[in-house]
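Novice: Next comes target_36.pdb, PDB, C-alpha atoms:
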ATOM      1  CA  MET A   1     209.019  23.952-129.270  1.00  0.00           C
ATOM      2  CA  SER A   2     208.882  22.675-125.678  1.00  0.00           C
ATOM      3  CA  SER A   3     206.718  19.739-124.613  1.00  0.00           C
ATOM      4  CA  GLU A   4     204.445  22.117-122.690  1.00  0.00           C
ATOM      5  CA  GLU A   5     203.967  24.356-125.725  1.00  0.00           C
ATOM      6  CA  ASP A   6     203.412  21.297-127.914  1.00  0.00           C
ATOM      7  CA  LYS A   7     200.752  20.045-125.498  1.00  0.00           C
ATOM      8  CA  THR A   8     198.958  23.395-125.597  1.00  0.00           C
ATOM      9  CA  THR A   9     199.070  23.406-129.388  1.00  0.00           C
ATOM     10  CA  ARG A  10     197.615  19.911-129.576  1.00  0.00           C
ATOM     11  CA  ILE A  11     194.652  20.888-127.357  1.00  0.00           C
ATOM     12  CA  SER A  12     193.696  23.759-129.669  1.00  0.00           C
ATOM     13  CA  ILE A  13     193.865  21.749-132.913  1.00  0.00           C
ATOM     14  CA  GLU A  14     191.054  19.584-134.244  1.00  0.00           C
ATOM     15  CA  PRO A  15     191.759  15.814-133.988  1.00  0.00           C
ATOM     16  CA  GLU A  16     191.600  15.324-137.768  1.00  0.00           C
ATOM     17  CA  LYS A  17     194.119  18.095-138.404  1.00  0.00           C
ATOM     18  CA  GLN A  18     196.361  16.908-135.560  1.00  0.00           C
ATOM     19  CA  SER A  19     196.379  13.441-137.110  1.00  0.00           C
ATOM     20  CA  LEU A  20     197.517  14.915-140.412  1.00  0.00           C
ATOM     21  CA  LEU A  21     200.308  16.822-138.656  1.00  0.00           C
ATOM     22  CA  ASP A  22     201.438  13.704-136.787  1.00  0.00           C
ATOM     23  CA  HIS A  23     201.861  11.810-140.062  1.00  0.00           C
ATOM     24  CA  HIS A  24     203.553  14.655-141.906  1.00  0.00           C
ATOM     25  CA  THR A  25     207.300  15.140-141.639  1.00  0.00           C
ATOM     26  CA  GLU A  26     208.714  18.519-142.631  1.00  0.00           C
ATOM     27  CA  LYS A  27     211.834  18.293-144.792  1.00  0.00           C
ATOM     28  CA  HIS A  28     212.880  21.912-144.504  1.00  0.00           C
ATOM     29  CA  PHE A  29     216.426  22.655-143.412  1.00  0.00           C
ATOM     30  CA  THR A  30     216.184  24.495-140.068  1.00  0.00           C
ATOM     31  CA  ALA A  31     219.775  24.637-138.798  1.00  0.00           C
ATOM     32  CA  GLY A  32     220.533  27.823-140.719  1.00  0.00           C
ATOM     33  CA  GLU A  33     222.227  29.715-137.898  1.00  0.00           C
ATOM     34  CA  VAL A  34     224.599  26.864-137.055  1.00  0.00           C
ATOM     35  CA  VAL A  35     225.481  26.350-140.717  1.00  0.00           C
ATOM     36  CA  ARG A  36     226.070  30.085-141.110  1.00  0.00           C
ATOM     37  CA  ASP A  37     228.481  30.040-138.172  1.00  0.00           C
ATOM     38  CA  ILE A  38     230.315  27.016-139.575  1.00  0.00           C
ATOM     39  CA  ILE A  39     230.585  28.678-142.982  1.00  0.00           C
ATOM     40  CA  ILE A  40     231.968  31.877-141.447  1.00  0.00           C
ATOM     41  CA  GLY A  41     234.499  29.997-139.313  1.00  0.00           C
ATOM     42  CA  VAL A  42     235.719  27.497-141.885  1.00  0.00           C
ATOM     43  CA  SER A  43     235.894  29.939-144.789  1.00  0.00           C
ATOM     44  CA  ASP A  44     237.988  32.430-142.812  1.00  0.00           C
ATOM     45  CA  GLY A  45     239.993  29.630-141.199  1.00  0.00           C
ATOM     46  CA  LEU A  46     240.949  28.169-144.553  1.00  0.00           C
ATOM     47  CA  THR A  47     241.697  31.487-146.222  1.00  0.00           C
ATOM     48  CA  VAL A  48     243.524  33.692-143.678  1.00  0.00           C
ATOM     49  CA  PRO A  49     246.173  31.216-142.389  1.00  0.00           C
ATOM     50  CA  PHE A  50     246.560  29.967-145.966  1.00  0.00           C
ATOM     51  CA  ALA A  51     247.408  33.480-147.165  1.00  0.00           C
ATOM     52  CA  LEU A  52     249.686  34.052-144.166  1.00  0.00           C
ATOM     53  CA  ALA A  53     251.593  30.808-144.735  1.00  0.00           C
ATOM     54  CA  ALA A  54     251.960  31.555-148.442  1.00  0.00           C
ATOM     55  CA  GLY A  55     253.211  35.068-147.701  1.00  0.00           C
ATOM     56  CA  LEU A  56     255.798  33.880-145.180  1.00  0.00           C
ATOM     57  CA  SER A  57     256.911  31.167-147.581  1.00  0.00           C
ATOM     58  CA  GLY A  58     257.368  33.805-150.242  1.00  0.00           C
ATOM     59  CA  ALA A  59     259.598  35.683-147.806  1.00  0.00           C
ATOM     60  CA  LYS A  60     261.713  32.503-147.536  1.00  0.00           C
ATOM     61  CA  ALA A  61     260.888  31.861-143.893  1.00  0.00           C
ATOM     62  CA  SER A  62     261.521  28.354-142.558  1.00  0.00           C
ATOM     63  CA  SER A  63     258.706  25.886-142.046  1.00  0.00           C
ATOM     64  CA  SER A  64     259.059  26.190-138.267  1.00  0.00           C
ATOM     65  CA  ILE A  65     258.582  29.966-138.420  1.00  0.00           C
ATOM     66  CA  VAL A  66     255.605  29.618-140.782  1.00  0.00           C
ATOM     67  CA  LEU A  67     254.071  26.989-138.501  1.00  0.00           C
ATOM     68  CA  THR A  68     254.629  29.051-135.349  1.00  0.00           C
ATOM     69  CA  ALA A  69     253.169  32.176-136.919  1.00  0.00           C
ATOM     70  CA  GLY A  70     250.325  30.177-138.429  1.00  0.00           C
ATOM     71  CA  ILE A  71     249.330  28.546-135.147  1.00  0.00           C
ATOM     72  CA  ALA A  72     249.493  31.913-133.383  1.00  0.00           C
ATOM     73  CA  GLU A  73     247.242  33.394-136.064  1.00  0.00           C
ATOM     74  CA  VAL A  74     244.776  30.502-135.819  1.00  0.00           C
ATOM     75  CA  ALA A  75     244.567  30.912-132.040  1.00  0.00           C
ATOM     76  CA  ALA A  76     244.119  34.681-132.232  1.00  0.00           C
ATOM     77  CA  GLY A  77     241.721  34.395-135.150  1.00  0.00           C
ATOM     78  CA  ALA A  78     239.569  31.808-133.405  1.00  0.00           C
ATOM     79  CA  ILE A  79     239.281  34.008-130.311  1.00  0.00           C
ATOM     80  CA  SER A  80     238.526  37.094-132.383  1.00  0.00           C
ATOM     81  CA  MET A  81     235.991  35.370-134.620  1.00  0.00           C
ATOM     82  CA  GLY A  82     234.332  33.636-131.674  1.00  0.00           C
ATOM     83  CA  LEU A  83     234.065  36.926-129.795  1.00  0.00           C
ATOM     84  CA  GLY A  84     232.599  38.559-132.885  1.00  0.00           C
ATOM     85  CA  GLY A  85     229.990  35.805-133.152  1.00  0.00           C
ATOM     86  CA  TYR A  86     229.134  36.177-129.470  1.00  0.00           C
ATOM     87  CA  LEU A  87     228.723  39.946-129.685  1.00  0.00           C
ATOM     88  CA  ALA A  88     226.620  39.686-132.851  1.00  0.00           C
ATOM     89  CA  ALA A  89     224.244  37.123-131.312  1.00  0.00           C
ATOM     90  CA  LYS A  90     224.119  39.058-128.037  1.00  0.00           C
ATOM     91  CA  GLY A  91     223.282  42.211-129.971  1.00  0.00           C
ATOM     92  CA  GLU A  92     220.401  40.445-131.720  1.00  0.00           C
ATOM     93  CA  ALA A  93     219.051  39.202-128.386  1.00  0.00           C
ATOM     94  CA  ASP A  94     219.302  42.671-126.821  1.00  0.00           C
ATOM     95  CA  HIS A  95     217.573  44.225-129.818  1.00  0.00           C
ATOM     96  CA  TYR A  96     214.742  41.696-129.572  1.00  0.00           C
ATOM     97  CA  ALA A  97     214.317  42.376-125.845  1.00  0.00           C
ATOM     98  CA  ARG A  98     214.152  46.152-126.400  1.00  0.00           C
ATOM     99  CA  GLU A  99     211.619  45.854-129.198  1.00  0.00           C
ATOM    100  CA  MET A 100     209.509  43.394-127.198  1.00  0.00           C
ATOM    101  CA  LYS A 101     209.379  45.766-124.243  1.00  0.00           C
ATOM    102  CA  ARG A 102     208.394  48.657-126.529  1.00  0.00           C
ATOM    103  CA  GLU A 103     205.712  46.556-128.240  1.00  0.00           C
ATOM    104  CA  GLN A 104     204.367  45.364-124.889  1.00  0.00           C
ATOM    105  CA  GLU A 105     204.020  48.951-123.708  1.00  0.00           C
ATOM    106  CA  GLU A 106     202.172  49.895-126.909  1.00  0.00           C
ATOM    107  CA  ILE A 107     199.713  47.021-126.504  1.00  0.00           C
ATOM    108  CA  VAL A 108     198.844  48.351-123.032  1.00  0.00           C
ATOM    109  CA  ALA A 109     198.893  52.057-123.937  1.00  0.00           C
ATOM    110  CA  VAL A 110     197.211  52.019-127.375  1.00  0.00           C
ATOM    111  CA  PRO A 111     195.411  48.649-127.751  1.00  0.00           C
ATOM    112  CA  GLU A 112     193.038  49.921-130.431  1.00  0.00           C
ATOM    113  CA  THR A 113     195.913  51.060-132.621  1.00  0.00           C
ATOM    114  CA  GLU A 114     197.730  47.763-132.131  1.00  0.00           C
ATOM    115  CA  ALA A 115     194.551  45.852-132.967  1.00  0.00           C
ATOM    116  CA  ALA A 116     194.215  47.910-136.139  1.00  0.00           C
ATOM    117  CA  GLU A 117     197.793  46.953-137.026  1.00  0.00           C
ATOM    118  CA  VAL A 118     196.898  43.268-136.618  1.00  0.00           C
ATOM    119  CA  ALA A 119     193.960  43.768-138.965  1.00  0.00           C
ATOM    120  CA  GLU A 120     196.200  45.528-141.475  1.00  0.00           C
ATOM    121  CA  ILE A 121     198.735  42.691-141.379  1.00  0.00           C
ATOM    122  CA  LEU A 122     196.073  40.050-141.938  1.00  0.00           C
ATOM    123  CA  ALA A 123     194.483  42.112-144.724  1.00  0.00           C
ATOM    124  CA  GLN A 124     197.814  42.052-146.564  1.00  0.00           C
ATOM    125  CA  TYR A 125     197.381  38.293-146.878  1.00  0.00           C
ATOM    126  CA  GLY A 126     194.004  38.737-148.582  1.00  0.00           C
ATOM    127  CA  ILE A 127     191.912  37.999-145.500  1.00  0.00           C
ATOM    128  CA  GLU A 128     188.593  39.835-145.436  1.00  0.00           C
ATOM    129  CA  PRO A 129     187.409  41.932-142.441  1.00  0.00           C
ATOM    130  CA  HIS A 130     184.717  39.453-141.445  1.00  0.00           C
ATOM    131  CA  GLU A 131     187.367  36.731-141.469  1.00  0.00           C
ATOM    132  CA  TYR A 132     190.112  38.486-139.509  1.00  0.00           C
ATOM    133  CA  SER A 133     187.869  40.167-136.909  1.00  0.00           C
ATOM    134  CA  PRO A 134     187.564  36.948-134.812  1.00  0.00           C
ATOM    135  CA  VAL A 135     191.340  36.519-135.014  1.00  0.00           C
ATOM    136  CA  VAL A 136     191.935  40.073-133.792  1.00  0.00           C
ATOM    137  CA  ASN A 137     189.488  39.593-130.929  1.00  0.00           C
ATOM    138  CA  SER A 138     191.097  36.288-129.957  1.00  0.00           C
ATOM    139  CA  LEU A 139     194.544  37.859-129.851  1.00  0.00           C
ATOM    140  CA  ARG A 140     193.282  40.713-127.685  1.00  0.00           C
ATOM    141  CA  LYS A 141     192.131  38.135-125.139  1.00  0.00           C
ATOM    142  CA  ASN A 142     195.622  36.587-125.087  1.00  0.00           C
ATOM    143  CA  PRO A 143     198.194  39.373-124.538  1.00  0.00           C
ATOM    144  CA  GLN A 144     201.209  37.039-124.769  1.00  0.00           C
ATOM    145  CA  ALA A 145     200.084  35.576-128.098  1.00  0.00           C
ATOM    146  CA  TRP A 146     199.264  39.106-129.274  1.00  0.00           C
ATOM    147  CA  LEU A 147     202.762  40.270-128.358  1.00  0.00           C
ATOM    148  CA  GLU A 148     204.419  37.326-130.130  1.00  0.00           C
ATOM    149  CA  PHE A 149     202.241  37.924-133.207  1.00  0.00           C
ATOM    150  CA  MET A 150     203.298  41.565-133.396  1.00  0.00           C
ATOM    151  CA  MET A 151     206.960  40.734-132.889  1.00  0.00           C
ATOM    152  CA  ARG A 152     206.928  38.205-135.703  1.00  0.00           C
ATOM    153  CA  PHE A 153     204.566  39.698-138.269  1.00  0.00           C
ATOM    154  CA  GLU A 154     204.869  43.444-137.675  1.00  0.00           C
ATOM    155  CA  LEU A 155     208.559  43.697-136.792  1.00  0.00           C
ATOM    156  CA  GLY A 156     209.767  40.526-138.518  1.00  0.00           C
ATOM    157  CA  LEU A 157     211.710  39.394-135.442  1.00  0.00           C
ATOM    158  CA  GLU A 158     212.081  35.819-134.250  1.00  0.00           C
ATOM    159  CA  LYS A 159     212.695  35.121-130.578  1.00  0.00           C
ATOM    160  CA  PRO A 160     216.401  34.264-130.254  1.00  0.00           C
ATOM    161  CA  ASP A 161     217.651  31.204-128.429  1.00  0.00           C
ATOM    162  CA  PRO A 162     219.026  32.268-125.004  1.00  0.00           C
ATOM    163  CA  LYS A 163     222.044  30.014-125.600  1.00  0.00           C
ATOM    164  CA  ARG A 164     222.618  31.370-129.086  1.00  0.00           C
ATOM    165  CA  ALA A 165     225.487  33.755-128.196  1.00  0.00           C
ATOM    166  CA  PHE A 166     227.653  31.079-126.576  1.00  0.00           C
ATOM    167  CA  GLN A 167     226.795  28.501-129.228  1.00  0.00           C
ATOM    168  CA  SER A 168     227.706  30.935-131.995  1.00  0.00           C
ATOM    169  CA  ALA A 169     231.022  31.838-130.356  1.00  0.00           C
ATOM    170  CA  PHE A 170     231.951  28.190-129.804  1.00  0.00           C
ATOM    171  CA  THR A 171     230.880  27.056-133.289  1.00  0.00           C
ATOM    172  CA  ILE A 172     232.725  29.826-135.135  1.00  0.00           C
ATOM    173  CA  ALA A 173     235.882  29.404-133.044  1.00  0.00           C
ATOM    174  CA  ILE A 174     236.046  25.625-133.501  1.00  0.00           C
ATOM    175  CA  ALA A 175     235.263  25.918-137.218  1.00  0.00           C
ATOM    176  CA  TYR A 176     238.028  28.506-137.593  1.00  0.00           C
ATOM    177  CA  VAL A 177     240.572  26.248-135.873  1.00  0.00           C
ATOM    178  CA  LEU A 178     239.624  23.230-137.987  1.00  0.00           C
ATOM    179  CA  GLY A 179     239.819  25.269-141.174  1.00  0.00           C
ATOM    180  CA  GLY A 180     243.023  27.041-140.149  1.00  0.00           C
ATOM    181  CA  LEU A 181     244.961  23.853-139.438  1.00  0.00           C
ATOM    182  CA  VAL A 182     244.472  22.530-142.984  1.00  0.00           C
ATOM    183  CA  PRO A 183     246.951  24.868-144.783  1.00  0.00           C
ATOM    184  CA  LEU A 184     249.463  24.438-141.944  1.00  0.00           C
ATOM    185  CA  LEU A 185     249.605  20.634-142.041  1.00  0.00           C
ATOM    186  CA  PRO A 186     252.380  20.389-144.701  1.00  0.00           C
ATOM    187  CA  TYR A 187     254.618  22.674-142.637  1.00  0.00           C
ATOM    188  CA  MET A 188     254.474  20.141-139.801  1.00  0.00           C
ATOM    189  CA  PHE A 189     256.134  17.481-141.952  1.00  0.00           C
ATOM    190  CA  ILE A 190     258.146  19.311-144.634  1.00  0.00           C
ATOM    191  CA  PRO A 191     261.190  21.290-143.340  1.00  0.00           C
ATOM    192  CA  GLN A 192     261.594  23.458-146.434  1.00  0.00           C
ATOM    193  CA  ALA A 193     258.884  26.117-146.593  1.00  0.00           C
ATOM    194  CA  MET A 194     259.127  26.455-150.385  1.00  0.00           C
ATOM    195  CA  ASP A 195     258.325  22.764-150.711  1.00  0.00           C
ATOM    196  CA  ALA A 196     255.676  22.865-148.004  1.00  0.00           C
ATOM    197  CA  VAL A 197     253.858  25.770-149.628  1.00  0.00           C
ATOM    198  CA  VAL A 198     253.241  23.699-152.777  1.00  0.00           C
ATOM    199  CA  ALA A 199     251.650  20.934-150.728  1.00  0.00           C
ATOM    200  CA  SER A 200     249.733  23.539-148.719  1.00  0.00           C
ATOM    201  CA  VAL A 201     248.323  25.090-151.875  1.00  0.00           C
ATOM    202  CA  VAL A 202     247.153  21.737-153.217  1.00  0.00           C
ATOM    203  CA  ILE A 203     245.626  20.561-149.938  1.00  0.00           C
ATOM    204  CA  THR A 204     243.958  23.885-149.167  1.00  0.00           C
ATOM    205  CA  LEU A 205     242.498  24.338-152.648  1.00  0.00           C
ATOM    206  CA  ILE A 206     241.030  20.835-152.451  1.00  0.00           C
ATOM    207  CA  ALA A 207     239.625  21.649-148.996  1.00  0.00           C
ATOM    208  CA  LEU A 208     238.205  24.938-150.278  1.00  0.00           C
ATOM    209  CA  PHE A 209     236.633  23.179-153.239  1.00  0.00           C
ATOM    210  CA  VAL A 210     235.025  20.516-151.032  1.00  0.00           C
ATOM    211  CA  PHE A 211     233.922  23.117-148.508  1.00  0.00           C
ATOM    212  CA  GLY A 212     232.460  25.319-151.234  1.00  0.00           C
ATOM    213  CA  TYR A 213     230.565  22.380-152.683  1.00  0.00           C
ATOM    214  CA  GLY A 214     229.127  21.496-149.287  1.00  0.00           C
ATOM    215  CA  LYS A 215     228.247  25.129-148.637  1.00  0.00           C
ATOM    216  CA  GLY A 216     226.374  25.248-151.926  1.00  0.00           C
ATOM    217  CA  ARG A 217     224.397  22.139-151.055  1.00  0.00           C
ATOM    218  CA  PHE A 218     223.382  23.467-147.641  1.00  0.00           C
ATOM    219  CA  THR A 219     222.565  27.013-148.743  1.00  0.00           C
ATOM    220  CA  GLY A 220     220.596  25.966-151.817  1.00  0.00           C
ATOM    221  CA  SER A 221     222.926  27.540-154.380  1.00  0.00           C
ATOM    222  CA  LYS A 222     224.662  25.684-157.201  1.00  0.00           C
ATOM    223  CA  PRO A 223     227.228  23.406-155.479  1.00  0.00           C
ATOM    224  CA  VAL A 224     229.740  23.265-158.328  1.00  0.00           C
ATOM    225  CA  LYS A 225     229.647  27.030-158.865  1.00  0.00           C
ATOM    226  CA  SER A 226     230.012  27.595-155.120  1.00  0.00           C
ATOM    227  CA  ALA A 227     232.982  25.178-155.022  1.00  0.00           C
ATOM    228  CA  PHE A 228     234.854  26.975-157.797  1.00  0.00           C
ATOM    229  CA  GLU A 229     234.084  30.422-156.345  1.00  0.00           C
ATOM    230  CA  THR A 230     235.340  29.442-152.892  1.00  0.00           C
ATOM    231  CA  ALA A 231     238.515  27.856-154.248  1.00  0.00           C
ATOM    232  CA  PHE A 232     239.125  30.846-156.534  1.00  0.00           C
ATOM    233  CA  ILE A 233     238.839  33.338-153.660  1.00  0.00           C
ATOM    234  CA  GLY A 234     241.299  31.302-151.585  1.00  0.00           C
ATOM    235  CA  ALA A 235     243.719  31.067-154.492  1.00  0.00           C
ATOM    236  CA  ILE A 236     243.580  34.828-155.098  1.00  0.00           C
ATOM    237  CA  ALA A 237     244.211  35.558-151.401  1.00  0.00           C
ATOM    238  CA  SER A 238     247.223  33.257-151.165  1.00  0.00           C
ATOM    239  CA  ALA A 239     248.659  34.432-154.515  1.00  0.00           C
ATOM    240  CA  ALA A 240     248.346  38.066-153.448  1.00  0.00           C
ATOM    241  CA  ALA A 241     250.076  37.399-150.113  1.00  0.00           C
ATOM    242  CA  TYR A 242     252.859  35.388-151.766  1.00  0.00           C
ATOM    243  CA  SER A 243     253.429  38.008-154.483  1.00  0.00           C
ATOM    244  CA  LEU A 244     253.427  40.854-151.968  1.00  0.00           C
ATOM    245  CA  ALA A 245     256.019  39.069-149.826  1.00  0.00           C
ATOM    246  CA  LYS A 246     258.219  38.538-152.881  1.00  0.00           C
ATOM    247  CA  LEU A 247     257.802  42.171-153.908  1.00  0.00           C
ATOM    248  CA  VAL A 248     258.723  43.503-150.465  1.00  0.00           C
ATOM    249  CA  GLN A 249     261.706  41.147-150.265  1.00  0.00           C
ATOM    250  CA  HIS A 250     263.144  42.560-153.466  1.00  0.00           C
TER     251      HIS A 250
END
Take the structure in the file and write it out as structure tokens.
Specialist:
Amino acid sequence: MSSEEDKTTRISIEPEKQSLLDHHTEKHFTAGEVVRDIIIGVSDGLTVPFALAAGLSGAKASSSIVLTAGIAEVAAGAISMGLGGYLAAKGEADHYAREMKREQEEIVAVPETEAAEVAEILAQYGIEPHEYSPVVNSLRKNPQAWLEFMMRFELGLEKPDPKRAFQSAFTIAIAYVLGGLVPLLPYMFIPQAMDAVVASVVITLIALFVFGYGKGRFTGSKPVKSAFETAFIGAIASAAAYSLAKLVQH
């Protein structure tokens, strides 16, 4: 909320209630979109290059070839994932803008119907007609607040951050690169790919376990269960790629 919006809110709230709000600190986790982007980027970054490196190692490629292919994949993957994040966030923003325009037109064209919808929404929360009538009338006097109310409570849409698309693209891309470099690290120092793949498996599974645990803590699920699930998925992906490479080679 901007300082101007905060100032307006303060004017409309009773001093006693404002005092309570000033001394109350919310402990809810509100960075959900950023965490989601990090989870998407890191999880794919750890898994895809890991499987690629394991597959190439199974085909008896040298560490230099595995590293070159891995870095190329990380670069391409980061661009692709970042672009996907940008397009997804841009799509959400465009959808919100279209729905807002449609809702704005309805408020002007059929205000009585829209007012009835406000009453219906409030009634769903157990508010009686004599209680919600003043609220409906107040919203009708403030078209912008009325529009925002309908967007949030009728359509279930939150106004997206204008910078969200670029932030999402950047966050996912960086997270993918950071995750993707982990399974490739052993190939930078160990010439023999068959030796490097063992170190890569150990390091990546540890990283997946730690990442899964952290993901569980942030998302509210069971951290230990999330850690094992994430590590298991990574292990299955790398084992499948390695086995397939061996099968094709023979």
Novice: On this structure, the PyMOL selection byres ((chain A and resi 47) around 9) would catch which residues? List them as a PyMOL selection string, sorted by chain and number.
Specialist: chain A and resi 42-46+48-52+179-180+183+204+208+233-235+237-238
Novice: Quick one, how far is CA of Val135 (chain A) from CA of Arg102 (chain A)?
Specialist: 22.6 Å
Novice: Check the smallest atom-to-atom distance from each of A:Lys90, A:Leu67, A:Glu112, A:Phe149 to Val182 (chain A) using all atoms listed in the file, then report the winner.
Specialist: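 Checking each candidate against Val182 (chain A), we get A:Leu67 as the closest.
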Novice: In Å to one decimal, how far is CA of Ile38 (chain A) from CA of Ala175 (chain A)?
Specialist: 5.6 Å
Novice: Rank nothing, just name the residue among A:Met188, A:Val210, A:Phe232, A:Ala240 nearest to Ser62 (chain A), using only C-alpha atoms.
Specialist: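 The closest residue to Ser62 (chain A) is A:Met188.
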Novice: Apply the PyMOL selection byres ((chain A and resi 166) around 12) to the structure shown and report the selected residues as a compact mmCIF listing (two decimals) with C-alpha atoms, keeping the file's coordinate frame.
Specialist:
# COMPACT_ATOMS: atom_id res chain seq x y z
CA VAL A 34 224.60 26.86 -137.06
CA ASP A 37 228.48 30.04 -138.17
CA GLY A 82 234.33 33.64 -131.67
CA LEU A 83 234.06 36.93 -129.79
CA GLY A 84 232.60 38.56 -132.88
CA GLY A 85 229.99 35.80 -133.15
CA TYR A 86 229.13 36.18 -129.47
CA LEU A 87 228.72 39.95 -129.68
CA ALA A 88 226.62 39.69 -132.85
CA ALA A 89 224.24 37.12 -131.31
CA LYS A 90 224.12 39.06 -128.04
CA ALA A 93 219.05 39.20 -128.39
CA ASP A 161 217.65 31.20 -128.43
CA PRO A 162 219.03 32.27 -125.00
CA LYS A 163 222.04 30.01 -125.60
CA ARG A 164 222.62 31.37 -129.09
CA ALA A 165 225.49 33.76 -128.20
CA GLN A 167 226.80 28.50 -129.23
CA SER A 168 227.71 30.94 -132.00
CA ALA A 169 231.02 31.84 -130.36
CA PHE A 170 231.95 28.19 -129.80
CA THR A 171 230.88 27.06 -133.29
CA ILE A 172 232.72 29.83 -135.14
CA ALA A 173 235.88 29.40 -133.04
Novice: What residues have an atom no more than 10 Å from (258.2, 25.3, -146.6) in the file's own frame, counting only C-alpha atoms, and can you write them as a list in words?
Specialist: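 Residues with an atom close enough to that point: Ala53, Ala54, Leu56, Ser57, Gly58, Lys60, Ala61, Ser62, Ser63, Ser64, Ile65, Val66, Leu67, Leu184, Pro186, Tyr187, Met188, Phe189, Ile190, Pro191, Gln192, Ala193, Met194, Asp195, Ala196, Val197, Val198, Ala199 and Ser200 of chain A.
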Novice: Write out the residues from the selection above, keeping C-alpha atoms, as a CSV table (one decimal), in the frame of the given file.
Specialist:
chain,number,residue,atom,x,y,z
A,53,ALA,CA,251.6,30.8,-144.7
A,54,ALA,CA,252.0,31.6,-148.4
A,56,LEU,CA,255.8,33.9,-145.2
A,57,SER,CA,256.9,31.2,-147.6
A,58,GLY,CA,257.4,33.8,-150.2
A,60,LYS,CA,261.7,32.5,-147.5
A,61,ALA,CA,260.9,31.9,-143.9
A,62,SER,CA,261.5,28.4,-142.6
A,63,SER,CA,258.7,25.9,-142.0
A,64,SER,CA,259.1,26.2,-138.3
A,65,ILE,CA,258.6,30.0,-138.4
A,66,VAL,CA,255.6,29.6,-140.8
A,67,LEU,CA,254.1,27.0,-138.5
A,184,LEU,CA,249.5,24.4,-141.9
A,186,PRO,CA,252.4,20.4,-144.7
A,187,TYR,CA,254.6,22.7,-142.6
A,188,MET,CA,254.5,20.1,-139.8
A,189,PHE,CA,256.1,17.5,-142.0
A,190,ILE,CA,258.1,19.3,-144.6
A,191,PRO,CA,261.2,21.3,-143.3
A,192,GLN,CA,261.6,23.5,-146.4
A,193,ALA,CA,258.9,26.1,-146.6
A,194,MET,CA,259.1,26.5,-150.4
A,195,ASP,CA,258.3,22.8,-150.7
A,196,ALA,CA,255.7,22.9,-148.0
A,197,VAL,CA,253.9,25.8,-149.6
A,198,VAL,CA,253.2,23.7,-152.8
A,199,ALA,CA,251.6,20.9,-150.7
A,200,SER,CA,249.7,23.5,-148.7
Novice: If we count only C-alpha atoms, what is near region 223-230 of chain A at a cut-off of 6 Å, once residues fewer than 5 positions away on the same chain are taken out, given as a VMD selection string?
Specialist: chain A and resid 208 to 209 212 to 213 216 to 217
Novice: To verify the selection step, state as an MDAnalysis selection string which residues the PyMOL selection byres ((chain A and resi 140) around 12) yields on this input.
Specialist: chainID A and resid 107:108 110:116 118:119 133:139 141:150
Novice: Could you dump the residues just selected with C-alpha atoms as a PDB file, in the coordinates of the input?
Specialist:
ATOM      1  CA  ILE A 107     199.713  47.021-126.504  1.00  0.00           C
ATOM      2  CA  VAL A 108     198.844  48.351-123.032  1.00  0.00           C
ATOM      3  CA  VAL A 110     197.211  52.019-127.375  1.00  0.00           C
ATOM      4  CA  PRO A 111     195.411  48.649-127.751  1.00  0.00           C
ATOM      5  CA  GLU A 112     193.038  49.921-130.431  1.00  0.00           C
ATOM      6  CA  THR A 113     195.913  51.060-132.621  1.00  0.00           C
ATOM      7  CA  GLU A 114     197.730  47.763-132.131  1.00  0.00           C
ATOM      8  CA  ALA A 115     194.551  45.852-132.967  1.00  0.00           C
ATOM      9  CA  ALA A 116     194.215  47.910-136.139  1.00  0.00           C
ATOM     10  CA  VAL A 118     196.898  43.268-136.618  1.00  0.00           C
ATOM     11  CA  ALA A 119     193.960  43.768-138.965  1.00  0.00           C
ATOM     12  CA  SER A 133     187.869  40.167-136.909  1.00  0.00           C
ATOM     13  CA  PRO A 134     187.564  36.948-134.812  1.00  0.00           C
ATOM     14  CA  VAL A 135     191.340  36.519-135.014  1.00  0.00           C
ATOM     15  CA  VAL A 136     191.935  40.073-133.792  1.00  0.00           C
ATOM     16  CA  ASN A 137     189.488  39.593-130.929  1.00  0.00           C
ATOM     17  CA  SER A 138     191.097  36.288-129.957  1.00  0.00           C
ATOM     18  CA  LEU A 139     194.544  37.859-129.851  1.00  0.00           C
ATOM     19  CA  LYS A 141     192.131  38.135-125.139  1.00  0.00           C
ATOM     20  CA  ASN A 142     195.622  36.587-125.087  1.00  0.00           C
ATOM     21  CA  PRO A 143     198.194  39.373-124.538  1.00  0.00           C
ATOM     22  CA  GLN A 144     201.209  37.039-124.769  1.00  0.00           C
ATOM     23  CA  ALA A 145     200.084  35.576-128.098  1.00  0.00           C
ATOM     24  CA  TRP A 146     199.264  39.106-129.274  1.00  0.00           C
ATOM     25  CA  LEU A 147     202.762  40.270-128.358  1.00  0.00           C
ATOM     26  CA  GLU A 148     204.419  37.326-130.130  1.00  0.00           C
ATOM     27  CA  PHE A 149     202.241  37.924-133.207  1.00  0.00           C
ATOM     28  CA  MET A 150     203.298  41.565-133.396  1.00  0.00           C
TER      29      MET A 150
END
Novice: List the spatial neighbours of region 94-97 of chain A as a PyMOL selection string - criterion: any atom at most 8 Å away, all atoms listed in the file, same-chain residues fewer than 6 positions off excluded.
Specialist: chain A and resi 157-160
Novice: With distances taken over only C-alpha atoms, which residue among A:Ile121, A:Ala69, A:Ile236, A:Val35 lies nearest Arg152 (chain A)?
Specialist: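 Between A:Ile121, A:Ala69, A:Ile236, A:Val35, the residue approaching Arg152 (chain A) most closely is A:Ile121.
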Novice: In Å, rounded to a single decimal, give me how far CA of Glu120 (chain A) is from CA of Gly156 (chain A).
Specialist: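 CA of Gly156 (chain A) sits 14.8 Å away from CA of Glu120 (chain A).
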Novice: Return the single residue from A:Ile206, A:Ile174, A:Met100, A:Ala231 that is closest to Met151 (chain A), with distances computed using all atoms listed in the file.
Specialist: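 That would be A:Met100, the residue with the smallest distance to Met151 (chain A).
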Novice: Taking only C-alpha atoms into account, which of A:Gln104, A:Arg98, A:His130, A:Leu181 comes nearest Gly77 (chain A)?
Specialist: A:Leu181
